[in-house]
$ cat structure27.cif   # mmCIF, C-alpha atoms and all ligand atoms
data_run
loop_
_atom_site.label_atom_id
_atom_site.label_comp_id
_atom_site.auth_asym_id
_atom_site.auth_seq_id
_atom_site.Cartn_x
_atom_site.Cartn_y
_atom_site.Cartn_z
CA MET A 499 0.00 0.00 0.00
CA GLU A 500 1.50 3.26 -1.12
CA SER A 501 1.18 6.07 1.40
CA VAL A 502 -0.69 9.19 0.43
CA LYS A 503 0.54 12.64 1.49
CA ARG A 504 -0.67 13.12 5.04
CA ASN A 505 -2.37 16.39 5.89
CA VAL A 506 -3.28 17.26 9.45
CA LEU A 507 -6.82 18.64 9.33
CA LEU A 508 -7.61 20.85 12.31
CA ASN A 509 -10.91 21.95 10.77
CA PRO A 510 -14.15 20.55 12.26
CA GLY A 511 -14.45 17.73 9.69
CA PRO A 512 -13.88 16.11 7.31
CA SER A 513 -11.08 14.75 9.43
CA THR A 514 -7.64 13.27 8.82
CA THR A 515 -8.02 9.61 7.81
CA THR A 516 -5.67 6.63 7.93
CA ASP A 517 -4.21 5.24 4.71
CA SER A 518 -6.05 1.96 5.31
CA VAL A 519 -9.37 3.84 5.31
CA LYS A 520 -8.39 5.79 2.19
CA TYR A 521 -7.48 2.58 0.36
CA ALA A 522 -10.61 0.76 1.51
CA GLN A 523 -12.44 2.75 -1.17
CA VAL A 524 -10.49 1.03 -3.92
CA VAL A 525 -12.56 -2.08 -4.52
CA PRO A 526 -13.81 -3.99 -7.56
CA ASP A 527 -16.81 -2.30 -9.13
CA ILE A 528 -20.03 -3.61 -7.68
CA CYS A 529 -23.69 -2.92 -8.18
CA PRO A 530 -25.06 -1.96 -4.77
CA ARG A 531 -28.24 -3.94 -5.48
CA GLU A 532 -26.29 -7.19 -5.09
CA LYS A 533 -26.90 -9.31 -1.97
CA GLU A 534 -23.22 -9.04 -1.11
CA PHE A 535 -23.56 -5.29 -0.69
CA ALA A 536 -26.84 -5.49 1.24
CA SER A 537 -25.20 -7.79 3.78
CA LEU A 538 -22.41 -5.25 4.31
CA MET A 539 -24.99 -2.57 5.02
CA LYS A 540 -26.81 -4.74 7.57
CA GLY A 541 -23.62 -5.11 9.63
CA LEU A 542 -22.87 -1.43 9.21
CA ARG A 543 -26.32 -0.38 10.43
CA GLU A 544 -25.96 -2.53 13.54
CA ASP A 545 -22.46 -1.29 14.29
CA LEU A 546 -23.61 2.31 14.12
CA VAL A 547 -26.13 1.54 16.90
CA ARG A 548 -23.46 -0.29 18.93
CA VAL A 549 -21.18 2.75 18.90
CA VAL A 550 -23.75 4.51 21.14
CA HIS A 551 -24.48 1.35 23.17
CA GLY A 552 -27.99 1.01 21.80
CA ASP A 553 -30.04 -2.15 22.25
CA LEU A 554 -30.59 -3.46 18.71
CA GLU A 555 -34.20 -4.38 19.48
CA LYS A 556 -35.06 -0.88 20.55
CA TYR A 557 -32.81 1.24 18.33
CA THR A 558 -31.92 1.13 14.69
CA SER A 559 -29.91 3.21 12.28
CA VAL A 560 -31.06 4.58 8.95
CA LEU A 561 -28.48 5.53 6.33
CA PHE A 562 -28.65 8.35 3.83
CA CYS A 563 -26.47 9.60 1.01
CA GLY A 564 -25.48 13.17 1.77
CA SER A 565 -23.63 15.41 4.20
CA GLY A 566 -24.51 15.74 7.87
CA THR A 567 -27.08 18.50 7.52
CA LEU A 568 -29.30 15.99 5.74
CA ASN A 569 -29.85 14.24 9.09
CA ILE A 570 -31.12 17.41 10.75
CA ASP A 571 -33.50 17.87 7.83
CA VAL A 572 -34.68 14.24 7.97
CA CYS A 573 -35.31 14.18 11.71
CA LEU A 574 -37.20 17.45 11.84
CA ASN A 575 -39.33 16.96 8.75
CA SER A 576 -40.21 13.33 9.57
CA LEU A 577 -40.81 13.17 13.31
CA LEU A 578 -43.38 15.84 14.07
CA PRO A 579 -46.95 14.57 14.58
CA ALA A 580 -49.84 16.70 13.25
CA ASN A 581 -50.79 19.76 15.31
CA LYS A 582 -47.66 19.54 17.45
CA LYS A 583 -44.61 21.75 17.92
CA ILE A 584 -40.84 21.44 18.01
CA LEU A 585 -38.83 23.12 20.76
CA VAL A 586 -35.39 24.12 19.49
CA ILE A 587 -32.86 24.95 22.20
CA ASN A 588 -30.42 27.14 20.33
CA ASN A 589 -27.01 28.39 21.42
CA GLY A 590 -25.14 28.17 18.15
CA ALA A 591 -24.91 27.91 14.39
CA TYR A 592 -26.05 24.29 14.11
CA SER A 593 -29.23 24.72 16.15
CA THR A 594 -29.88 27.85 14.08
CA ARG A 595 -29.72 25.56 11.06
CA ALA A 596 -32.47 23.46 12.69
CA THR A 597 -34.70 26.52 13.08
CA GLU A 598 -34.10 27.39 9.41
CA ILE A 599 -35.18 23.88 8.42
CA CYS A 600 -38.37 24.35 10.49
CA GLN A 601 -38.98 27.61 8.63
CA TYR A 602 -38.40 26.07 5.20
CA TYR A 603 -40.91 23.29 5.85
CA GLY A 604 -43.31 25.54 7.74
CA LEU A 605 -43.02 23.35 10.84
CA PRO A 606 -44.36 25.04 13.98
CA TYR A 607 -41.53 25.58 16.45
CA ILE A 608 -40.60 27.47 19.57
CA GLU A 609 -37.04 28.69 19.86
CA LEU A 610 -35.22 29.18 23.15
CA LYS A 611 -32.24 31.24 22.10
CA TYR A 612 -29.04 31.75 24.09
CA PRO A 613 -25.76 33.51 23.40
CA VAL A 614 -23.20 31.26 21.66
CA ASP A 615 -20.94 31.23 24.71
CA GLU A 616 -23.65 30.27 27.21
CA ARG A 617 -25.37 27.04 28.11
CA PRO A 618 -29.16 26.81 27.93
CA ASP A 619 -31.12 27.61 31.08
CA LEU A 620 -32.78 24.34 32.08
CA SER A 621 -35.41 26.07 34.19
CA GLU A 622 -36.54 27.93 31.07
CA VAL A 623 -36.67 24.64 29.16
CA LEU A 624 -38.83 23.20 31.94
CA GLU A 625 -41.11 26.24 32.00
CA THR A 626 -41.53 26.15 28.21
CA LEU A 627 -42.49 22.47 28.33
CA GLN A 628 -44.97 23.15 31.15
CA LYS A 629 -46.63 25.99 29.28
CA ASN A 630 -46.79 24.29 25.89
CA ALA A 631 -48.39 20.89 26.10
CA ASP A 632 -48.23 20.63 22.31
CA ILE A 633 -44.43 20.29 22.19
CA ALA A 634 -43.82 16.79 20.82
CA VAL A 635 -40.15 17.15 19.86
CA VAL A 636 -37.27 18.73 21.77
CA TYR A 637 -34.16 19.43 19.73
CA THR A 638 -30.65 20.63 20.48
CA THR A 639 -27.02 20.22 19.38
CA HIS A 640 -24.65 18.19 21.56
CA ASN A 641 -21.37 19.93 20.75
CA GLU A 642 -22.02 23.25 19.00
CA THR A 643 -19.18 22.90 16.53
CA GLY A 644 -19.17 26.63 15.76
CA THR A 645 -17.74 27.35 19.22
CA GLY A 646 -17.10 23.98 20.88
CA ILE A 647 -19.62 24.38 23.72
CA LEU A 648 -21.07 21.18 25.22
CA ASN A 649 -24.79 21.13 25.90
CA PRO A 650 -26.34 19.17 28.81
CA ILE A 651 -28.18 16.67 26.64
CA ARG A 652 -28.91 14.11 29.35
CA GLU A 653 -30.74 16.74 31.43
CA ILE A 654 -32.59 18.15 28.42
CA GLY A 655 -33.61 14.65 27.32
CA ALA A 656 -34.94 13.90 30.82
CA LEU A 657 -37.07 17.06 30.73
CA ALA A 658 -38.40 16.20 27.27
CA HIS A 659 -39.40 12.72 28.42
CA ARG A 660 -41.03 14.02 31.59
CA TYR A 661 -43.39 16.04 29.37
CA GLY A 662 -44.02 13.27 26.85
CA ALA A 663 -41.84 14.70 24.07
CA ILE A 664 -39.14 12.88 22.12
CA PHE A 665 -35.57 14.18 22.25
CA ILE A 666 -33.50 14.62 19.10
CA THR A 667 -29.90 15.75 19.35
CA ASP A 668 -27.33 16.56 16.71
CA THR A 669 -24.26 14.56 17.73
CA THR A 670 -22.43 15.01 14.42
CA SER A 671 -19.37 16.44 16.15
CA THR A 672 -19.28 14.06 19.13
CA TYR A 673 -20.40 10.66 17.75
CA ALA A 674 -17.59 8.06 17.93
CA MET A 675 -15.43 10.55 19.82
CA ARG A 676 -17.01 11.63 23.11
CA PRO A 677 -18.70 8.52 24.55
CA ILE A 678 -22.51 8.56 24.21
CA ASP A 679 -25.01 6.11 25.66
CA ILE A 680 -28.24 6.62 23.75
CA GLU A 681 -30.43 5.17 26.51
CA LYS A 682 -28.73 6.70 29.56
CA ASP A 683 -28.40 10.04 27.79
CA ASN A 684 -32.20 10.08 27.27
CA ILE A 685 -31.85 10.36 23.49
CA ASP A 686 -34.51 9.15 21.05
CA PHE A 687 -32.65 10.25 17.91
CA LEU A 688 -29.06 11.19 17.29
CA MET A 689 -27.13 11.64 14.08
CA ALA A 690 -23.70 11.82 12.53
CA SER A 691 -21.87 11.40 9.26
CA ALA A 692 -18.95 9.23 8.30
CA GLN A 693 -16.37 12.00 7.82
CA LYS A 694 -16.19 13.21 11.42
CA GLY A 695 -15.79 10.94 14.47
CA LEU A 696 -15.60 7.76 12.42
CA MET A 697 -12.72 9.19 10.39
CA ALA A 698 -14.04 8.04 7.01
CA PHE A 699 -15.41 10.14 4.14
CA THR A 700 -18.20 12.51 3.23
CA GLY A 701 -21.29 11.11 1.56
CA LEU A 702 -22.71 8.77 4.20
CA SER A 703 -24.92 10.20 6.93
CA PHE A 704 -27.03 8.34 9.42
CA VAL A 705 -29.68 8.71 12.08
CA VAL A 706 -29.71 6.34 15.06
CA GLY A 707 -33.03 6.22 16.82
CA ASN A 708 -35.97 4.59 18.45
CA ARG A 709 -37.61 2.00 16.21
CA ASP A 710 -41.11 2.40 17.70
CA VAL A 711 -41.07 6.14 17.12
CA ILE A 712 -39.98 5.62 13.50
CA GLU A 713 -42.80 3.12 13.02
CA ALA A 714 -45.30 5.56 14.55
CA SER A 715 -44.07 8.32 12.22
CA LYS A 716 -45.48 6.35 9.27
CA ASP A 717 -48.69 8.33 9.74
CA TYR A 718 -47.16 11.74 10.52
CA PRO A 719 -47.47 14.56 7.99
CA LYS A 720 -44.91 14.19 5.17
CA HIS A 721 -42.81 17.16 4.05
CA SER A 722 -40.13 15.55 1.90
CA TYR A 723 -39.85 12.51 -0.31
CA TYR A 724 -36.10 11.95 -0.55
CA CYS A 725 -35.54 12.90 3.08
CA ASN A 726 -38.32 10.99 4.84
CA LEU A 727 -37.12 8.83 7.72
CA PHE A 728 -39.91 6.26 7.68
CA LEU A 729 -39.69 5.72 3.94
CA GLN A 730 -35.95 5.05 4.09
CA TYR A 731 -36.28 2.86 7.22
CA ASP A 732 -39.10 0.86 5.71
CA TYR A 733 -37.15 0.23 2.52
CA PHE A 734 -34.16 -0.95 4.56
CA GLU A 735 -36.32 -3.27 6.65
CA LYS A 736 -37.98 -4.77 3.58
CA THR A 737 -35.00 -5.05 1.24
CA GLY A 738 -31.82 -4.41 3.26
CA GLU A 739 -30.98 -1.63 0.84
CA MET A 740 -31.08 2.12 0.60
CA HIS A 741 -34.08 3.38 -1.32
CA PHE A 742 -31.83 5.15 -3.80
CA THR A 743 -28.19 4.68 -4.85
CA PRO A 744 -25.89 4.51 -1.81
CA PRO A 745 -22.41 6.09 -1.65
CA VAL A 746 -20.74 2.76 -2.40
CA GLN A 747 -17.07 3.63 -1.92
CA THR A 748 -17.74 5.69 1.20
CA ILE A 749 -19.53 2.70 2.69
CA TYR A 750 -16.47 0.49 2.13
CA ALA A 751 -14.29 3.13 3.77
CA THR A 752 -16.71 3.44 6.70
CA LEU A 753 -16.63 -0.33 7.27
CA GLN A 754 -12.84 -0.16 7.51
CA ALA A 755 -13.09 2.91 9.76
CA LEU A 756 -15.41 0.99 12.10
CA LYS A 757 -12.92 -1.89 12.26
CA GLU A 758 -10.30 0.62 13.31
CA TYR A 759 -12.75 2.20 15.77
CA TRP A 760 -13.32 -1.12 17.57
CA ALA A 761 -9.62 -1.89 17.50
CA GLU A 762 -8.73 1.45 19.11
CA GLY A 763 -11.63 1.24 21.57
CA GLU A 764 -14.10 3.88 22.76
CA GLN A 765 -12.18 4.91 25.88
CA ALA A 766 -8.74 4.91 24.23
CA LYS A 767 -10.04 6.94 21.30
CA TRP A 768 -11.65 9.49 23.60
CA ALA A 769 -8.40 9.64 25.61
CA ARG A 770 -6.50 10.35 22.37
CA HIS A 771 -8.90 13.14 21.34
CA THR A 772 -8.57 14.56 24.85
CA ARG A 773 -4.75 14.49 24.58
CA VAL A 774 -4.96 16.32 21.28
CA PHE A 775 -7.44 18.85 22.68
CA ASN A 776 -5.26 19.52 25.74
CA ALA A 777 -2.24 20.03 23.50
CA ILE A 778 -4.22 22.53 21.38
CA ASN A 779 -5.30 24.49 24.46
CA LYS A 780 -1.78 24.45 25.89
CA GLY A 781 -0.39 25.79 22.61
CA LEU A 782 -3.02 28.54 22.41
CA ASP A 783 -2.57 29.48 26.08
CA GLU A 784 1.20 29.73 25.72
CA LEU A 785 0.78 32.14 22.81
CA GLY A 786 -1.73 34.22 24.80
CA PHE A 787 -4.80 33.43 22.66
CA LYS A 788 -8.16 33.95 24.36
CA GLN A 789 -10.97 31.50 23.70
CA VAL A 790 -14.72 31.97 23.39
CA ILE A 791 -15.87 29.12 25.65
CA LYS A 792 -14.83 28.82 29.26
CA PRO A 793 -12.82 25.66 29.98
CA GLU A 794 -15.46 23.82 32.03
CA TRP A 795 -18.03 24.15 29.23
CA ARG A 796 -15.87 22.91 26.37
CA ALA A 797 -16.91 19.66 24.71
CA GLY A 798 -13.26 18.70 24.38
CA LEU A 799 -13.09 18.68 20.59
CA VAL A 800 -13.19 22.22 19.21
CA SER A 801 -11.15 25.23 20.40
CA SER A 802 -12.46 28.59 19.35
CA ALA A 803 -9.73 31.26 19.58
CA ILE A 804 -10.36 35.00 19.30
CA TYR A 805 -8.36 37.04 16.76
CA PRO A 806 -5.70 39.07 18.59
CA ASP A 807 -5.68 42.89 18.37
CA ASP A 808 -2.46 43.05 16.42
CA PRO A 809 -2.40 45.08 13.19
CA ASN A 810 -0.27 42.38 11.57
CA TRP A 811 -2.67 39.52 12.34
CA SER A 812 -4.17 38.05 9.19
CA PHE A 813 -6.08 34.79 9.40
CA GLU A 814 -5.65 34.27 5.65
CA LYS A 815 -1.87 34.68 5.75
CA VAL A 816 -1.47 32.44 8.79
CA HIS A 817 -3.84 29.90 7.25
CA ASP A 818 -1.97 29.85 3.95
CA TYR A 819 1.42 29.50 5.64
CA CYS A 820 0.18 26.51 7.66
CA TYR A 821 -1.76 25.02 4.73
CA GLU A 822 1.30 24.94 2.52
CA ARG A 823 3.02 22.95 5.26
CA GLY A 824 0.23 20.37 5.64
CA PHE A 825 -1.84 21.87 8.47
CA THR A 826 -5.40 23.14 7.91
CA ILE A 827 -6.91 25.65 10.34
CA TYR A 828 -10.46 26.93 10.07
CA PRO A 829 -12.40 30.18 10.54
CA GLY A 830 -15.02 30.48 13.27
CA LYS A 831 -18.78 30.52 12.90
CA ILE A 832 -19.82 33.39 15.15
CA SER A 833 -21.26 36.55 13.69
CA THR A 834 -20.26 38.84 16.56
CA THR A 835 -16.62 37.87 17.19
CA ASN A 836 -13.77 37.09 14.81
CA THR A 837 -12.51 33.64 15.68
CA PHE A 838 -10.66 30.69 14.26
CA ARG A 839 -10.97 27.06 15.23
CA LEU A 840 -8.56 24.23 15.97
CA CYS A 841 -10.22 20.84 16.30
CA ALA A 842 -9.22 17.53 17.84
CA LEU A 843 -11.06 15.29 15.36
CA GLY A 844 -9.46 12.69 13.14
CA ALA A 845 -6.52 10.30 13.05
CA ILE A 846 -4.06 12.66 14.72
CA ASP A 847 -2.20 12.70 18.04
CA GLU A 848 -0.29 15.04 20.37
CA GLN A 849 2.84 15.03 18.23
CA ASP A 850 0.87 16.46 15.29
CA ILE A 851 -0.22 19.36 17.49
CA GLU A 852 3.37 20.03 18.61
CA ASP A 853 4.43 20.01 14.96
CA PHE A 854 1.52 22.30 14.12
CA PHE A 855 2.41 24.87 16.76
CA ASN A 856 5.99 25.01 15.50
CA VAL A 857 4.64 25.94 12.07
CA PHE A 858 1.98 28.26 13.54
CA LYS A 859 4.61 30.16 15.56
CA GLU A 860 6.70 30.56 12.39
CA ALA A 861 3.61 31.88 10.61
CA LEU A 862 3.02 34.46 13.35
CA ALA A 863 6.67 35.52 13.19
CA VAL A 864 6.61 35.81 9.38
CA CYS A 865 3.48 38.01 9.63
CA GLY A 866 5.09 40.12 12.37
CA VAL A 867 2.47 39.24 14.99
CA LYS A 868 3.94 39.78 18.48
CA THR A 869 3.69 36.89 20.94
CA PRO A 870 2.27 36.43 23.44
CA VAL A 871 -0.56 38.03 21.47
CA LYS A 872 -2.31 41.11 22.83
CA TYR A 873 -5.93 42.18 23.24
CA ASN A 874 -7.06 45.74 23.73
CA ASP A 875 -9.51 45.05 26.55
C1 LIG A 901 -20.45 19.01 10.65
C2 LIG A 901 -21.72 19.17 11.35
C3 LIG A 901 -22.95 18.98 10.68
C4 LIG A 901 -23.05 18.64 9.23
O1 LIG A 901 -22.50 19.55 8.36
P1 LIG A 901 -22.36 19.16 6.81
O2 LIG A 901 -21.56 20.29 6.26
O3 LIG A 901 -23.72 19.07 6.24
O4 LIG A 901 -21.66 17.84 6.78
C5 LIG A 901 -24.10 19.08 11.41
N1 LIG A 901 -24.08 19.35 12.72
C6 LIG A 901 -22.94 19.54 13.41
C7 LIG A 901 -23.00 19.83 14.86
C8 LIG A 901 -21.72 19.46 12.74
O5 LIG A 901 -20.58 19.64 13.42
#
$ encode --input "structure27.cif" --output "structure tokens"
Amino acid sequence: MESVKRNVLLNPGPSTTTDSVKYAQVVPDICPREKEFASLMKGLREDLVRVVHGDLEKYTSVLFCGSGTLNIDVCLNSLLPANKKILVINNGAYSTRATEICQYYGLPYIELKYPVDERPDLSEVLETLQKNADIAVVYTTHNETGTGILNPIREIGALAHRYGAIFITDTTSTYAMRPIDIEKDNIDFLMASAQKGLMAFTGLSFVVGNRDVIEASKDYPKHSYYCNLFLQYDYFEKTGEMHFTPPVQTIYATLQALKEYWAEGEQAKWARHTRVFNAINKGLDELGFKQVIKPEWRAGLVSSAIYPDDPNWSFEKVHDYCYERGFTIYPGKISTTNTFRLCALGAIDEQDIEDFFNVFKEALAVCGVKTPVKYND
């Protein structure tokens, strides 16, 4: 196996992959309607439930061809019973995306909005559920990837269940990284895509959720054809296949990525991501960079650093310098503050972060940015 140039991606996905996962895509051509392929997908669907410790009787996974946002779309447009409302708990860009999806489909929703650097107020969530008996779905994002803040999903899920609502959470940037237990965390539906925690490629997205709720949603109002959860689930159950053409090569890569996931182990993988995250924070702290999210609220995967007040600072120049040397850094996703992000996803370890900071420091020196960096306030 020839090795491919290795880039260290510090953006929030797609993530750095192993060569064995890259090469797993190179397979003999196959028609995905063959039994051989359907049997691969059966194992894959079960493994995706096992990653979050789901009981295979109670939970199932449904695969789609598309990027991660497709899952948000699918869950919201498919799981709302008639004459009911969605409660979106929003403290970041990804939950905002959920409210936009509600708007596009004309789904009735209530939004509890919080600043991007604050956690939701659970007493307000409780009060909203008490006052609105028609809330059937509670929705939030686990790790708001735009900033890296961790939301208290277990507590939110418990509140949802106490008031008879289902709980959907976007775990795209935690799944297969930060350990999740779908049952203990009070989750009915979670989601992810192959290019983030699993360290495979874009094109395969999936929802893991409660089978009974999916079956019940058969009779809910339909808003999309391609993106309906029940339709896709039902087709899988009847035929073992995706309703429409699956991302064949990405599925082969994801199967290899899952093998590597089990070999590394949930705890060891999380320990590695934590090592990488700590190294990122140490590097930023040493250079004087301030971050948006206070340490105790960070999900442990995304660092969101604030641009320094130095006339020579240029994200583009620093980015380009690092990019040319194999390290990709990423702009922030906050409208009010200029930030950039360094993420602990992917097949990388501490040494990569040390190597990165050597290059990053050179980039700052070349630009003439003084370190430790300064802020005016
Ligand atoms: C990456 C990500 C998504 C999906 O984004 P795509 O660009 O559609 O792949 C959704 N939610 C969260 C929290 C994410 O981090």
$ closest_atom_pairs --input "structure27.cif" --of "stretch 544-609 of chain A" --to "stretch 671-687 of chain A" --cutoff "8 Å" --atoms "all atoms listed in the file" --output "JSON lines"
{"residue": "A:Val549", "atom": "CA", "partner": "A:Ala674", "partner_atom": "CA", "distance": 6.5}
{"residue": "A:Val550", "atom": "CA", "partner": "A:Asp679", "partner_atom": "CA", "distance": 5.0}
{"residue": "A:His551", "atom": "CA", "partner": "A:Asp679", "partner_atom": "CA", "distance": 5.4}
{"residue": "A:Gly552", "atom": "CA", "partner": "A:Ile680", "partner_atom": "CA", "distance": 5.9}
{"residue": "A:Cys573", "atom": "CA", "partner": "A:Phe687", "partner_atom": "CA", "distance": 7.8}
$ residues_around --input "structure27.cif" --residues "A:Ala692" --least-positions-apart "2" --cutoff "8 Å" --atoms "all atoms listed in the file" --output "list in words"
Ala690, Lys694, Gly695, Leu696, Met697, Ala698, Phe699, Thr700, Gly701, Leu702, Ser703 and Thr752 of chain A
$ closest_residue --input "structure27.cif" --among "A:Leu577, A:Ile651, A:Ala769, A:Leu546" --to "A:Leu605" --atoms "all atoms listed in the file"
A:Leu577
$ closest_residue --input "structure27.cif" --among "A:Arg652, A:Lys757, A:Lys831, A:Lys540" --to "ligand LIG 901 (chain A)" --atoms "only C-alpha atoms and all ligand atoms"
A:Lys831
$ residues_around --input "structure27.cif" --residues "A:Ile791" --least-positions-apart "5" --cutoff "9 Å" --atoms "all atoms listed in the file" --output "list of chain:residue names"
A:Val614, A:Asp615, A:Glu616, A:Thr645, A:Gly646, A:Ile647, A:Arg796, A:Ser801, A:Ser802, A:Ala803
$ write_last_selection --input "structure27.cif" --atoms "C-alpha atoms" --output "PDB file, in the coordinates of the input"
ATOM      1  CA  VAL A 614     -23.200  31.260  21.660  1.00  0.00           C
ATOM      2  CA  ASP A 615     -20.940  31.230  24.710  1.00  0.00           C
ATOM      3  CA  GLU A 616     -23.650  30.270  27.210  1.00  0.00           C
ATOM      4  CA  THR A 645     -17.740  27.350  19.220  1.00  0.00           C
ATOM      5  CA  GLY A 646     -17.100  23.980  20.880  1.00  0.00           C
ATOM      6  CA  ILE A 647     -19.620  24.380  23.720  1.00  0.00           C
ATOM      7  CA  ARG A 796     -15.870  22.910  26.370  1.00  0.00           C
ATOM      8  CA  SER A 801     -11.150  25.230  20.400  1.00  0.00           C
ATOM      9  CA  SER A 802     -12.460  28.590  19.350  1.00  0.00           C
ATOM     10  CA  ALA A 803      -9.730  31.260  19.580  1.00  0.00           C
TER      11      ALA A 803
END
$ residues_near_point --input "structure27.cif" --point "(-7.4, 7.7, 6.9)" --cutoff "8 Å" --atoms "all atoms listed in the file" --output "NGL selection string"
:A and (514-520 or 697-698 or 755 or 845)
$ closest_residue --input "structure27.cif" --among "A:Leu508, A:Ala658, A:Ala777, A:Ile846" --to "A:Val586" --atoms "only C-alpha atoms"
A:Ala658
$ residues_around --input "structure27.cif" --residues "A:Cys529" --least-positions-apart "2" --cutoff "12 Å" --atoms "all atoms listed in the file" --output "PDB file with C-alpha atoms, keeping the file's coordinate frame"
ATOM      1  CA  VAL A 525     -12.560  -2.080  -4.520  1.00  0.00           C
ATOM      2  CA  PRO A 526     -13.810  -3.990  -7.560  1.00  0.00           C
ATOM      3  CA  ASP A 527     -16.810  -2.300  -9.130  1.00  0.00           C
ATOM      4  CA  ARG A 531     -28.240  -3.940  -5.480  1.00  0.00           C
ATOM      5  CA  GLU A 532     -26.290  -7.190  -5.090  1.00  0.00           C
ATOM      6  CA  LYS A 533     -26.900  -9.310  -1.970  1.00  0.00           C
ATOM      7  CA  GLU A 534     -23.220  -9.040  -1.110  1.00  0.00           C
ATOM      8  CA  PHE A 535     -23.560  -5.290  -0.690  1.00  0.00           C
ATOM      9  CA  ALA A 536     -26.840  -5.490   1.240  1.00  0.00           C
ATOM     10  CA  GLU A 739     -30.980  -1.630   0.840  1.00  0.00           C
ATOM     11  CA  THR A 743     -28.190   4.680  -4.850  1.00  0.00           C
ATOM     12  CA  PRO A 744     -25.890   4.510  -1.810  1.00  0.00           C
ATOM     13  CA  PRO A 745     -22.410   6.090  -1.650  1.00  0.00           C
ATOM     14  CA  VAL A 746     -20.740   2.760  -2.400  1.00  0.00           C
ATOM     15  CA  GLN A 747     -17.070   3.630  -1.920  1.00  0.00           C
TER      16      GLN A 747
END
$ residues_around --input "structure27.cif" --residues "A:Pro606" --least-positions-apart "4" --cutoff "12 Å" --atoms "only C-alpha atoms" --output "PDB file with C-alpha atoms, in the frame of the given file"
ATOM      1  CA  LEU A 574     -37.200  17.450  11.840  1.00  0.00           C
ATOM      2  CA  ASN A 575     -39.330  16.960   8.750  1.00  0.00           C
ATOM      3  CA  LEU A 578     -43.380  15.840  14.070  1.00  0.00           C
ATOM      4  CA  PRO A 579     -46.950  14.570  14.580  1.00  0.00           C
ATOM      5  CA  ALA A 580     -49.840  16.700  13.250  1.00  0.00           C
ATOM      6  CA  ASN A 581     -50.790  19.760  15.310  1.00  0.00           C
ATOM      7  CA  LYS A 582     -47.660  19.540  17.450  1.00  0.00           C
ATOM      8  CA  LYS A 583     -44.610  21.750  17.920  1.00  0.00           C
ATOM      9  CA  ILE A 584     -40.840  21.440  18.010  1.00  0.00           C
ATOM     10  CA  LEU A 585     -38.830  23.120  20.760  1.00  0.00           C
ATOM     11  CA  VAL A 586     -35.390  24.120  19.490  1.00  0.00           C
ATOM     12  CA  THR A 597     -34.700  26.520  13.080  1.00  0.00           C
ATOM     13  CA  GLU A 598     -34.100  27.390   9.410  1.00  0.00           C
ATOM     14  CA  ILE A 599     -35.180  23.880   8.420  1.00  0.00           C
ATOM     15  CA  CYS A 600     -38.370  24.350  10.490  1.00  0.00           C
ATOM     16  CA  GLN A 601     -38.980  27.610   8.630  1.00  0.00           C
ATOM     17  CA  TYR A 602     -38.400  26.070   5.200  1.00  0.00           C
ATOM     18  CA  ASP A 632     -48.230  20.630  22.310  1.00  0.00           C
ATOM     19  CA  ILE A 633     -44.430  20.290  22.190  1.00  0.00           C
ATOM     20  CA  ALA A 634     -43.820  16.790  20.820  1.00  0.00           C
ATOM     21  CA  VAL A 635     -40.150  17.150  19.860  1.00  0.00           C
TER      22      VAL A 635
END
$ closest_residue --input "structure27.cif" --among "A:Thr626, A:Gln730, A:Gln523, A:Asn874" --to "A:Pro806" --atoms "only C-alpha atoms"
A:Asn874
$ atom_distance --input "structure27.cif" --atom1 "atom CA of A:Asn505" --atom2 "atom CA of A:Ala797"
24.0 Å
$ closest_atom_pairs --input "structure27.cif" --of "chain A" --to "ligand LIG 901 (chain A)" --cutoff "7 Å" --atoms "only C-alpha atoms and all ligand atoms" --output "CSV"
residue,atom,partner,partner_atom,distance
A:Pro510,CA,A:LIG901,O5,6.6
A:Gly511,CA,A:LIG901,C1,6.2
A:Ser565,CA,A:LIG901,O4,4.1
A:Gly566,CA,A:LIG901,C4,3.5
A:Thr567,CA,A:LIG901,O3,3.6
A:Leu568,CA,A:LIG901,O3,6.4
A:Tyr592,CA,A:LIG901,C7,5.5
A:Thr639,CA,A:LIG901,C7,6.1
A:Asn641,CA,A:LIG901,C7,6.1
A:Glu642,CA,A:LIG901,C7,5.5
A:Thr643,CA,A:LIG901,O5,4.7
A:Asp668,CA,A:LIG901,C7,5.7
A:Thr669,CA,A:LIG901,C7,6.1
A:Thr670,CA,A:LIG901,C6,4.7
A:Ser671,CA,A:LIG901,O5,4.4
A:Ser691,CA,A:LIG901,O4,6.9
$ closest_residue --input "structure27.cif" --among "A:Ser812, A:Thr667, A:Ser715, A:Ser537" --to "A:Cys865" --atoms "only C-alpha atoms"
A:Ser812
$ closest_residue --input "structure27.cif" --among "A:Gly541, A:Thr826, A:Lys556, A:Tyr805" --to "A:Glu713" --atoms "all atoms listed in the file"
A:Lys556
